[in-house]
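In what follows, a structure is listed as structure tokens, so that the remarks can point back to it.
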Amino acid sequence: MFGRRNEQPKGLKIIIVGCGKVGSTLVEQLVLEGHDITVIDTNITKIEELTNLYDIMGLEGNGASYSVQMEAGIENTDLLIAVTGSDELNLLCCTIAKQVGNCAAIARVRTPDYSKEIGYLREKLGLAMIINPELEAAREMARILYLPTALEVSSFAHGQAELIQFKIPEGNILDGITLAQLSSKVPNKVLVCAIERDGKVEIPSGMSEMKAGDIISFVAQRATIKNFMQNISVKTSKVKSTMIIGGGKAAYYLASQLLHMGISVKIIERDRKRCEELSILLPKAIIINGDGTDAELLKEEGIDSMESFVPLTGMDEENIMLTLHARQLSNTKVITKINRLAFKNVIAELKLGSVIYPRLITSESIIAYVRARSASIESNIETLYHLFDGRVEAIEFSIDKNSKVTNVPLMNLKLKEHVLVAFINRNGKIILPSGQDCIQIGDTVMIVTTHNGFDEIEDILK
Amino acid sequence: MNISIIGYILGQILRLQSLFLLLPSLTAAIYHEKSFISYITVAFSCFVLGTVITWKKPEEQVFYLKEGCVATALSWIVLSLSGAFPFVLTGEIPHFTDALFETVSGFTTTGSSILSNVEALSYSSLLWRSFTHWIGGMGVLVFLLAVIPMSGGSNINLMKAESPGPSVGKLVPKMRSTARILYLIYIGMSIIMFLLLLLGKMPVFDALATTFGTAGTGGFGIKNDSLAGYSPYIQWVTGIFMMLFGVNFNAYYFILFHDVRKAFKMEEVRWYFTIIVLSVFVIFTDLMQFYPNFGDALKDSFFQVASIITTTGFATADFNLWSATSKSTLVLLMFLGACAGSTGGGLKISRLIILVKTIFKELTSYTHPKSIVKIKMDDKPIEHEVVRSANVYFITYMIIFVVSVFCLTFENIDLISIFTAVAATFNNIGPGLEMVGPTANFGHFSDFSKYVMIFDMLAGRLELFPLLMLFHPELWKETIKRKLK
């Protein structure tokens, strides 16, 4: 299996228009997966920065122009991803690419004006996917605020199942017991997928022991999660109030979701005009016009009595400073949004709690799509998440055809090491599998693994 | 500086060298020559040394332009040094400096020889000489990129350091595929030429050696009179293929995989052919006064123009005896060189285009002082950085040229010989005029002069700066400091 991968890199030909934040993250990730990438941008310095770092080709010009696309070889391209700063340009790039090259196209569209029409746009323009990093990030933040003890919440099987990451507190029931003993202590059915201890992540077996201070991630049916958390005596109630600093797109998306969940929202935004816009868009939220980095103002607005605090300014440094400030004042739940990936290790050292990287969320969904495209037809990737800084991948496959893994009891499958079948979703019912269960056609199956680059279900076999 | 990756690349180069040396070893075995022992010993030692060095892959695989340049320059030096040993061991070129000169001349596709009687060499040494042209022509690091997987995008820095031309681009997104495409075109064209030569009833050995010499635009002959003794058919085939190997390889890529029209639209290719036609015309009309035969005049003028502009250096006639007009035309062509991205040397046509256009730009700025003109090539504006580097290249080129000429004046020979000797080695051509003309050789120079010319050949092939980088004090200061720590 490994040899085959090395000899015949089944790379797709991909054109990426726009070398901004998302564009460069995509390049980084897709190069690792062995695809042939051409980037287009109007700024030659940006192109050169990327071509000097990665094994890709660069082209200067307007990505929406027919001749530039022809020069980039659109006719033989499998996929075009448009991630320039302008939504309209992205849509135009994709429309032209569809006409000229008949390839799949992904556009980034993030203005709230279009966000409600995304389904319509996607269908009418025939796009493979429309991504909205701000909305995705807001969704993930909302999930965390709904269950504030969690560090990360990822949803699978159309929200039926969730993967929760949380830190085991001192003196918890879980401290010092093995996974095999877990079912006797707690009645709820959950499956622990990964344990991080002292910076090392492992996929556990029944004999693995949990300790206080570990970060564990477990999967369960959505309805049982709260119950389970209560049984292990961890706080589960959602937060009641949130303060958001900065009134950008992400703030808007997050606020509207939180208001929908019945959480009161206070937004502090520097620009008066933007405040007025927000107050029209979000009539239920409290909009404060002021500098969110002003400690006095934060005090006046009651930062110490807020149950959660989300700095969403455009500057990573400000976000980090605000998080640290809020933690010092009270025990409030904080989520930090970080744009730049370069200092991930430094930020991990700071122990900020929940950290959200919108760029990673976007590239995850695109990579899931790309892997699904380059895989065989027996299975398809539904969702993909990178957990623990990309050291663990959680992938949900849909099983479309018979293959080596179907209709064989799991205990008879020869799985690779560090691979776990986390759940089987059969017609909307989440099965946490035991050795007797089989994978059947029509299921979706979630795999948790420390291997990288699985793109079909048979990759789990030795 | 990432010393370990440079060491690793050098180790890989040594392993490649051992592979290359198998060809002359095989030749020696076929012809039952004594030189077999020498070639196989050197090949084996290179393999052992290379394997030991590359045993451990360096952890840090990222490297930048400076490491790329240093690795490239050192690779070429290592190749030349190790390639020179067989000549010494077989006793055919007993003096090491001479052997080194011959090998450097081979790898840099120069074709200047210190041998007065080439025909006395063994078959294996003759083939090794010609084969070094073939390896050096497309570049050994490009070959390395094509066969050895290296992770990351850093390897563009190797290609940048080795490939000729003012700006280096890829043909396809992956470096490895680009290197493979280039070598496939190169091998394909070599095979076609070889077959055409065989059709002309050339002996297999001669055809192989001539193909190697032509493809790399090198010019080592296997006969004392170069190609003059072969039939006109063979001379025409060689002449045409010399010209074709001097064309930017991107053009062939376009012809093969893309759009044929795009290849003919390339400005550089158009200039290249225009210059060839004009020069042939000048020399042809000049030669018609002496030659009785129309066909021979055309053949010799075309062959010599193609040979000099592509910096090959084969000869079908002793152009040293031609008129001053013809000789000076050839000397001018020496400096122009072939297209960027080809196997030829010299200043490169694309740099010439940039320089000429800069002159016109300057003239415009005199008439309209506030005008803004962007220099364009292939209808695309050229970055200021590229224009600047072309200018700096030209200045550096002239300085090294003048200094080299000065260094050679201690020889006590006439200035034309010295001037053309430097021009012929610096531009990787081979023969010059007078005492280094097509029928003469470089054997009579002192060791000092030979080392000056060895430097010139390497500098010319690597386009000056990668080699000059080795003499940049800051680079070594930093490295030594780090070592001391």
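So you can find residues: chains in the structure tokens are A, B, ... in the order shown, residues in each start at 1, and ligands are numbered from 1 in order.
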### Query
For chain B, which residues have at least one atom within 12 Å of chain A, if we go by only C-alpha atoms? Write them as an MDAnalysis selection string, please.
chainID B and resid 61:65 68 145 149:160 168:178 254 257:259 262 380:385
Please write the residues from the selection above to a file, keeping N, CA and C atoms, as a tab-separated table (two decimals), in the first residue's frame.
```
chain	number	residue	atom	x	y	z
B	61	GLN	N	15.30	19.64	5.77
B	61	GLN	CA	15.42	19.52	4.32
B	61	GLN	C	15.14	20.81	3.59
B	62	VAL	N	14.79	21.84	4.33
B	62	VAL	CA	14.49	23.11	3.67
B	62	VAL	C	15.80	23.84	3.38
B	63	PHE	N	15.94	24.35	2.18
B	63	PHE	CA	17.10	25.18	1.93
B	63	PHE	C	16.72	26.34	1.02
B	64	TYR	N	17.56	27.35	1.02
B	64	TYR	CA	17.22	28.57	0.32
B	64	TYR	C	18.17	28.79	-0.84
B	65	LEU	N	18.02	29.94	-1.48
B	65	LEU	CA	18.78	30.19	-2.70
B	65	LEU	C	20.28	30.07	-2.47
B	68	GLY	N	21.27	26.58	-2.42
B	68	GLY	CA	21.12	26.07	-3.78
B	68	GLY	C	22.34	26.42	-4.61
B	145	LEU	N	17.21	16.09	-9.73
B	145	LEU	CA	15.83	16.41	-9.37
B	145	LEU	C	14.87	15.44	-10.03
B	149	PRO	N	13.78	11.71	-5.25
B	149	PRO	CA	12.70	12.49	-4.65
B	149	PRO	C	13.23	13.37	-3.53
B	150	MET	N	12.96	14.65	-3.64
B	150	MET	CA	13.33	15.58	-2.58
B	150	MET	C	12.06	16.30	-2.16
B	151	SER	N	11.87	16.38	-0.89
B	151	SER	CA	10.61	16.95	-0.43
B	151	SER	C	10.68	18.47	-0.42
B	152	GLY	N	9.51	19.07	-0.45
B	152	GLY	CA	9.45	20.52	-0.30
B	152	GLY	C	9.67	21.26	-1.59
B	153	GLY	N	9.44	22.56	-1.53
B	153	GLY	CA	9.59	23.36	-2.73
B	153	GLY	C	10.99	23.93	-2.84
B	154	SER	N	11.87	23.56	-1.90
B	154	SER	CA	13.20	24.17	-1.89
B	154	SER	C	13.98	23.86	-3.15
B	155	ASN	N	13.69	22.74	-3.79
B	155	ASN	CA	14.55	22.33	-4.90
B	155	ASN	C	14.46	23.25	-6.11
B	156	ILE	N	13.48	24.17	-6.12
B	156	ILE	CA	13.49	25.17	-7.19
B	156	ILE	C	14.79	25.95	-7.12
B	157	ASN	N	15.36	26.06	-5.92
B	157	ASN	CA	16.60	26.82	-5.76
B	157	ASN	C	17.79	26.14	-6.42
B	158	LEU	N	17.74	24.82	-6.56
B	158	LEU	CA	18.79	24.12	-7.30
B	158	LEU	C	18.65	24.42	-8.78
B	159	MET	N	17.40	24.35	-9.26
B	159	MET	CA	17.13	24.59	-10.67
B	159	MET	C	17.51	26.02	-11.03
B	160	LYS	N	17.18	26.96	-10.13
B	160	LYS	CA	17.49	28.36	-10.40
B	160	LYS	C	18.99	28.55	-10.56
B	168	VAL	N	13.98	31.77	-14.32
B	168	VAL	CA	13.72	30.34	-14.46
B	168	VAL	C	12.30	30.03	-14.03
B	169	GLY	N	11.55	29.36	-14.85
B	169	GLY	CA	10.20	28.97	-14.49
B	169	GLY	C	10.02	27.49	-14.68
B	170	LYS	N	8.93	27.00	-14.13
B	170	LYS	CA	8.65	25.58	-14.30
B	170	LYS	C	7.70	25.38	-15.47
B	171	LEU	N	7.71	24.20	-16.03
B	171	LEU	CA	6.77	23.88	-17.10
B	171	LEU	C	5.46	23.38	-16.53
B	172	VAL	N	5.57	22.58	-15.48
B	172	VAL	CA	4.40	22.03	-14.80
B	172	VAL	C	4.61	22.26	-13.30
B	173	PRO	N	3.52	22.18	-12.51
B	173	PRO	CA	3.65	22.55	-11.10
B	173	PRO	C	4.73	21.78	-10.34
B	174	LYS	N	4.94	20.51	-10.63
B	174	LYS	CA	5.89	19.77	-9.82
B	174	LYS	C	7.28	19.82	-10.41
B	175	MET	N	8.25	20.14	-9.55
B	175	MET	CA	9.64	20.25	-9.96
B	175	MET	C	10.11	18.96	-10.63
B	176	ARG	N	9.75	17.85	-10.01
B	176	ARG	CA	10.23	16.58	-10.50
B	176	ARG	C	9.70	16.31	-11.90
B	177	SER	N	8.43	16.62	-12.13
B	177	SER	CA	7.86	16.39	-13.45
B	177	SER	C	8.53	17.32	-14.46
B	178	THR	N	8.78	18.57	-14.05
B	178	THR	CA	9.45	19.51	-14.95
B	178	THR	C	10.80	18.96	-15.37
B	254	PHE	N	6.08	23.33	-25.65
B	254	PHE	CA	4.86	23.86	-26.25
B	254	PHE	C	4.47	23.05	-27.49
B	257	PHE	N	3.25	19.43	-26.11
B	257	PHE	CA	2.11	19.24	-25.24
B	257	PHE	C	1.06	20.35	-25.35
B	258	HIS	N	1.42	21.44	-25.98
B	258	HIS	CA	0.49	22.55	-25.93
B	258	HIS	C	0.12	23.02	-27.32
B	259	ASP	N	0.63	24.17	-27.61
B	259	ASP	CA	0.20	24.89	-28.77
B	259	ASP	C	1.44	25.15	-29.62
B	262	LYS	N	2.32	28.82	-30.13
B	262	LYS	CA	2.94	29.49	-29.00
B	262	LYS	C	4.48	29.39	-29.09
B	380	LYS	N	4.65	40.37	-22.50
B	380	LYS	CA	4.44	40.46	-21.05
B	380	LYS	C	5.48	41.39	-20.48
B	381	PRO	N	5.07	42.26	-19.56
B	381	PRO	CA	6.07	43.16	-18.97
B	381	PRO	C	7.10	42.37	-18.18
B	382	ILE	N	8.35	42.79	-18.30
B	382	ILE	CA	9.41	42.12	-17.54
B	382	ILE	C	9.57	42.84	-16.22
B	383	GLU	N	9.64	42.08	-15.16
B	383	GLU	CA	9.84	42.67	-13.84
B	383	GLU	C	11.12	43.48	-13.82
B	384	HIS	N	11.08	44.57	-13.06
B	384	HIS	CA	12.27	45.40	-12.94
B	384	HIS	C	13.45	44.59	-12.45
B	385	GLU	N	13.17	43.67	-11.53
B	385	GLU	CA	14.22	42.83	-10.93
B	385	GLU	C	14.97	42.04	-12.01
```
### Task
Give me the residues within 10 Å of Pro204 in chain A as a PyMOL selection string, counting only C-alpha atoms and dropping any in the same chain fewer than 6 places off.
chain A and resi 178-179+192-196+210+216+418-420
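Going from CA of Thr336 in chain A over to CA of Thr25 in chain A, you cover 19.0 Å.
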Would you kindly return, as a short mmCIF file (atom, residue, chain, number, x, y, z; two decimals) with C-alpha atoms, in the first residue's frame, each protein, DNA or RNA residue with an atom no farther than 8 Å from any atom of range 404-417 of chain A, considering only C-alpha atoms and excluding same-chain residues fewer than 6 positions away?
```
data_model
loop_
_atom_site.label_atom_id
_atom_site.label_comp_id
_atom_site.auth_asym_id
_atom_site.auth_seq_id
_atom_site.Cartn_x
_atom_site.Cartn_y
_atom_site.Cartn_z
CA SER A 434 -18.56 -3.61 19.10
CA GLY A 435 -16.61 -6.47 17.52
CA GLN A 436 -19.74 -8.15 16.16
CA ASP A 437 -21.03 -5.16 14.20
CA CYS A 438 -20.57 -5.02 10.44
CA ILE A 439 -20.26 -2.10 8.05
CA GLN A 440 -23.04 -2.18 5.47
CA ILE A 441 -23.81 -0.36 2.26
CA ILE A 457 -12.43 3.35 3.52
CA GLU A 458 -10.14 0.48 2.52
CA ILE A 460 -7.98 1.43 7.25
CA LEU A 461 -6.94 -2.13 6.41
CA LYS A 462 -3.36 -3.31 6.71
#
```
### Query
Which residues, written as a ChimeraX atom specification, have at least one atom at most 12 Å from Ala71 in chain B, with only C-alpha atoms counted and residues fewer than 3 positions away on the same chain left out?
/B:1-13,63-68,74-79,140-141,155,157-162,462,466-467,469-470
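Atom to atom, CA of Leu145 in chain A and CA of Ser308 in chain A stand 7.6 Å apart.
Checking B:Leu49, B:Pro24, B:Glu268, B:Thr364 one by one against Trp128 in chain B, counting only C-alpha atoms, you find the shortest gap at B:Pro24.
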Taking the DSSP secondary structure from the backbone, can you list the residues of range 14-178 of chain A that are strand (DSSP E), as a PDB file with N, CA and C atoms, in the first residue's frame?
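File produced: part.pdb:
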```
ATOM      1  N   ILE A  14      -4.907  21.168  -9.769  1.00  0.00           N
ATOM      2  CA  ILE A  14      -5.737  22.148  -9.074  1.00  0.00           C
ATOM      3  C   ILE A  14      -5.219  23.556  -9.349  1.00  0.00           C
ATOM      4  N   ILE A  15      -6.128  24.462  -9.637  1.00  0.00           N
ATOM      5  CA  ILE A  15      -5.761  25.872  -9.772  1.00  0.00           C
ATOM      6  C   ILE A  15      -6.344  26.622  -8.586  1.00  0.00           C
ATOM      7  N   ILE A  16      -5.513  27.401  -7.923  1.00  0.00           N
ATOM      8  CA  ILE A  16      -6.006  28.212  -6.826  1.00  0.00           C
ATOM      9  C   ILE A  16      -5.874  29.682  -7.210  1.00  0.00           C
ATOM     10  N   VAL A  17      -6.977  30.392  -7.206  1.00  0.00           N
ATOM     11  CA  VAL A  17      -6.942  31.817  -7.539  1.00  0.00           C
ATOM     12  C   VAL A  17      -6.951  32.598  -6.237  1.00  0.00           C
ATOM     13  N   ASP A  36      -0.946  18.550  -8.059  1.00  0.00           N
ATOM     14  CA  ASP A  36      -0.278  19.504  -8.950  1.00  0.00           C
ATOM     15  C   ASP A  36      -0.991  20.843  -8.846  1.00  0.00           C
ATOM     16  N   ILE A  37      -0.314  21.835  -8.327  1.00  0.00           N
ATOM     17  CA  ILE A  37      -1.011  23.081  -8.031  1.00  0.00           C
ATOM     18  C   ILE A  37      -0.446  24.250  -8.819  1.00  0.00           C
ATOM     19  N   THR A  38      -1.332  25.037  -9.390  1.00  0.00           N
ATOM     20  CA  THR A  38      -0.949  26.288 -10.026  1.00  0.00           C
ATOM     21  C   THR A  38      -1.677  27.393  -9.285  1.00  0.00           C
ATOM     22  N   VAL A  39      -0.968  28.434  -8.884  1.00  0.00           N
ATOM     23  CA  VAL A  39      -1.648  29.548  -8.214  1.00  0.00           C
ATOM     24  C   VAL A  39      -1.690  30.757  -9.144  1.00  0.00           C
ATOM     25  N   ILE A  40      -2.769  31.508  -9.063  1.00  0.00           N
ATOM     26  CA  ILE A  40      -2.915  32.725  -9.853  1.00  0.00           C
ATOM     27  C   ILE A  40      -3.167  33.880  -8.891  1.00  0.00           C
ATOM     28  N   ASP A  41      -2.457  34.962  -9.090  1.00  0.00           N
ATOM     29  CA  ASP A  41      -2.705  36.149  -8.280  1.00  0.00           C
ATOM     30  C   ASP A  41      -2.247  37.356  -9.087  1.00  0.00           C
ATOM     31  N   MET A  57       3.427  25.917  -9.252  1.00  0.00           N
ATOM     32  CA  MET A  57       3.705  26.872 -10.319  1.00  0.00           C
ATOM     33  C   MET A  57       2.878  28.125 -10.073  1.00  0.00           C
ATOM     34  N   GLY A  58       3.427  29.275 -10.396  1.00  0.00           N
ATOM     35  CA  GLY A  58       2.716  30.521 -10.178  1.00  0.00           C
ATOM     36  C   GLY A  58       2.429  31.230 -11.483  1.00  0.00           C
ATOM     37  N   LEU A  59       1.367  32.014 -11.514  1.00  0.00           N
ATOM     38  CA  LEU A  59       1.002  32.737 -12.721  1.00  0.00           C
ATOM     39  C   LEU A  59       0.442  34.079 -12.308  1.00  0.00           C
ATOM     40  N   GLU A  60       0.957  35.142 -12.934  1.00  0.00           N
ATOM     41  CA  GLU A  60       0.480  36.466 -12.576  1.00  0.00           C
ATOM     42  C   GLU A  60      -0.678  36.832 -13.483  1.00  0.00           C
ATOM     43  N   LEU A  79      -9.872  20.844 -10.768  1.00  0.00           N
ATOM     44  CA  LEU A  79     -10.572  21.641  -9.769  1.00  0.00           C
ATOM     45  C   LEU A  79     -10.009  23.055  -9.730  1.00  0.00           C
ATOM     46  N   LEU A  80     -10.902  24.024  -9.675  1.00  0.00           N
ATOM     47  CA  LEU A  80     -10.466  25.406  -9.491  1.00  0.00           C
ATOM     48  C   LEU A  80     -11.049  25.911  -8.174  1.00  0.00           C
ATOM     49  N   ILE A  81     -10.188  26.517  -7.368  1.00  0.00           N
ATOM     50  CA  ILE A  81     -10.639  27.056  -6.088  1.00  0.00           C
ATOM     51  C   ILE A  81     -10.399  28.560  -6.112  1.00  0.00           C
ATOM     52  N   ALA A  82     -11.464  29.342  -5.968  1.00  0.00           N
ATOM     53  CA  ALA A  82     -11.313  30.795  -6.032  1.00  0.00           C
ATOM     54  C   ALA A  82     -11.440  31.364  -4.626  1.00  0.00           C
ATOM     55  N   ALA A 104     -14.486  21.000 -11.844  1.00  0.00           N
ATOM     56  CA  ALA A 104     -15.201  21.327 -10.615  1.00  0.00           C
ATOM     57  C   ALA A 104     -14.688  22.657 -10.080  1.00  0.00           C
ATOM     58  N   ALA A 105     -15.547  23.395  -9.399  1.00  0.00           N
ATOM     59  CA  ALA A 105     -15.122  24.711  -8.939  1.00  0.00           C
ATOM     60  C   ALA A 105     -15.628  24.959  -7.525  1.00  0.00           C
ATOM     61  N   ILE A 106     -14.756  25.574  -6.730  1.00  0.00           N
ATOM     62  CA  ILE A 106     -15.119  25.930  -5.359  1.00  0.00           C
ATOM     63  C   ILE A 106     -14.885  27.426  -5.183  1.00  0.00           C
ATOM     64  N   ALA A 107     -15.857  28.120  -4.658  1.00  0.00           N
ATOM     65  CA  ALA A 107     -15.701  29.558  -4.463  1.00  0.00           C
ATOM     66  C   ALA A 107     -15.841  29.891  -2.989  1.00  0.00           C
ATOM     67  N   ARG A 108     -15.116  30.929  -2.569  1.00  0.00           N
ATOM     68  CA  ARG A 108     -15.341  31.437  -1.223  1.00  0.00           C
ATOM     69  C   ARG A 108     -16.298  32.606  -1.331  1.00  0.00           C
ATOM     70  N   MET A 129     -18.813  23.476  -4.423  1.00  0.00           N
ATOM     71  CA  MET A 129     -18.862  23.840  -3.020  1.00  0.00           C
ATOM     72  C   MET A 129     -18.742  25.354  -2.904  1.00  0.00           C
ATOM     73  N   ILE A 130     -19.422  25.914  -1.937  1.00  0.00           N
ATOM     74  CA  ILE A 130     -19.179  27.326  -1.617  1.00  0.00           C
ATOM     75  C   ILE A 130     -18.726  27.362  -0.168  1.00  0.00           C
ATOM     76  N   ILE A 131     -17.607  27.979   0.076  1.00  0.00           N
ATOM     77  CA  ILE A 131     -17.119  27.983   1.447  1.00  0.00           C
ATOM     78  C   ILE A 131     -17.226  29.379   2.039  1.00  0.00           C
ATOM     79  N   GLU A 152     -13.241  21.665  22.051  1.00  0.00           N
ATOM     80  CA  GLU A 152     -13.603  21.642  20.638  1.00  0.00           C
ATOM     81  C   GLU A 152     -14.817  20.754  20.477  1.00  0.00           C
ATOM     82  N   VAL A 153     -15.723  21.177  19.624  1.00  0.00           N
ATOM     83  CA  VAL A 153     -16.887  20.346  19.328  1.00  0.00           C
ATOM     84  C   VAL A 153     -16.987  20.228  17.813  1.00  0.00           C
ATOM     85  N   SER A 154     -16.922  19.009  17.294  1.00  0.00           N
ATOM     86  CA  SER A 154     -17.064  18.829  15.855  1.00  0.00           C
ATOM     87  C   SER A 154     -18.268  17.941  15.616  1.00  0.00           C
ATOM     88  N   SER A 155     -19.039  18.280  14.597  1.00  0.00           N
ATOM     89  CA  SER A 155     -20.244  17.487  14.409  1.00  0.00           C
ATOM     90  C   SER A 155     -20.138  16.606  13.184  1.00  0.00           C
ATOM     91  N   PHE A 156     -20.736  15.424  13.288  1.00  0.00           N
ATOM     92  CA  PHE A 156     -20.711  14.429  12.209  1.00  0.00           C
ATOM     93  C   PHE A 156     -22.129  13.968  11.929  1.00  0.00           C
ATOM     94  N   ALA A 161     -24.145  13.031  15.510  1.00  0.00           N
ATOM     95  CA  ALA A 161     -23.098  12.652  16.450  1.00  0.00           C
ATOM     96  C   ALA A 161     -22.136  13.815  16.601  1.00  0.00           C
ATOM     97  N   GLU A 162     -21.554  13.892  17.791  1.00  0.00           N
ATOM     98  CA  GLU A 162     -20.574  14.948  17.986  1.00  0.00           C
ATOM     99  C   GLU A 162     -19.311  14.383  18.612  1.00  0.00           C
ATOM    100  N   LEU A 163     -18.228  15.039  18.246  1.00  0.00           N
ATOM    101  CA  LEU A 163     -16.942  14.654  18.799  1.00  0.00           C
ATOM    102  C   LEU A 163     -16.540  15.765  19.750  1.00  0.00           C
ATOM    103  N   ILE A 164     -16.393  15.440  21.010  1.00  0.00           N
ATOM    104  CA  ILE A 164     -16.133  16.451  22.023  1.00  0.00           C
ATOM    105  C   ILE A 164     -14.726  16.282  22.567  1.00  0.00           C
ATOM    106  N   GLN A 165     -14.025  17.409  22.682  1.00  0.00           N
ATOM    107  CA  GLN A 165     -12.707  17.361  23.285  1.00  0.00           C
ATOM    108  C   GLN A 165     -12.784  18.095  24.606  1.00  0.00           C
ATOM    109  N   PHE A 166     -12.353  17.483  25.699  1.00  0.00           N
ATOM    110  CA  PHE A 166     -12.322  18.253  26.935  1.00  0.00           C
ATOM    111  C   PHE A 166     -11.227  17.755  27.858  1.00  0.00           C
ATOM    112  N   LYS A 167     -10.880  18.609  28.818  1.00  0.00           N
ATOM    113  CA  LYS A 167      -9.776  18.321  29.712  1.00  0.00           C
ATOM    114  C   LYS A 167     -10.345  17.718  30.994  1.00  0.00           C
TER     115      LYS A 167
END
```
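Distances to Leu81 in chain B were evaluated for B:Ile454, B:Ile480, B:Ala324, B:Ile372 using only C-alpha atoms, and the minimum falls at B:Ile454.
Of note, CA of Glu382 in chain A and CA of Phe228 in chain A are spaced 26.5 Å apart.
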### Query
DSSP on the backbone: what in range 289-372 of chain B comes out alpha helix (DSSP H), as a ChimeraX atom specification?
/B:294-309,324-336,349-367
### Message
Quick one: residues within 9 Å of range 359-370 of chain A, only C-alpha atoms, excluding same-chain residues fewer than 5 positions away - as a PyMOL selection string?
### Response
chain A and resi 12+21-23+25-26+29-30+33+79+81+106+128-129+131-134+136-137+338-341+375+381-386+395+455
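If only C-alpha atoms are the atoms counted, then among A:Phe218, A:Phe309, A:Phe388, A:Tyr252 the closest residue to Pro148 in chain A is A:Phe309.
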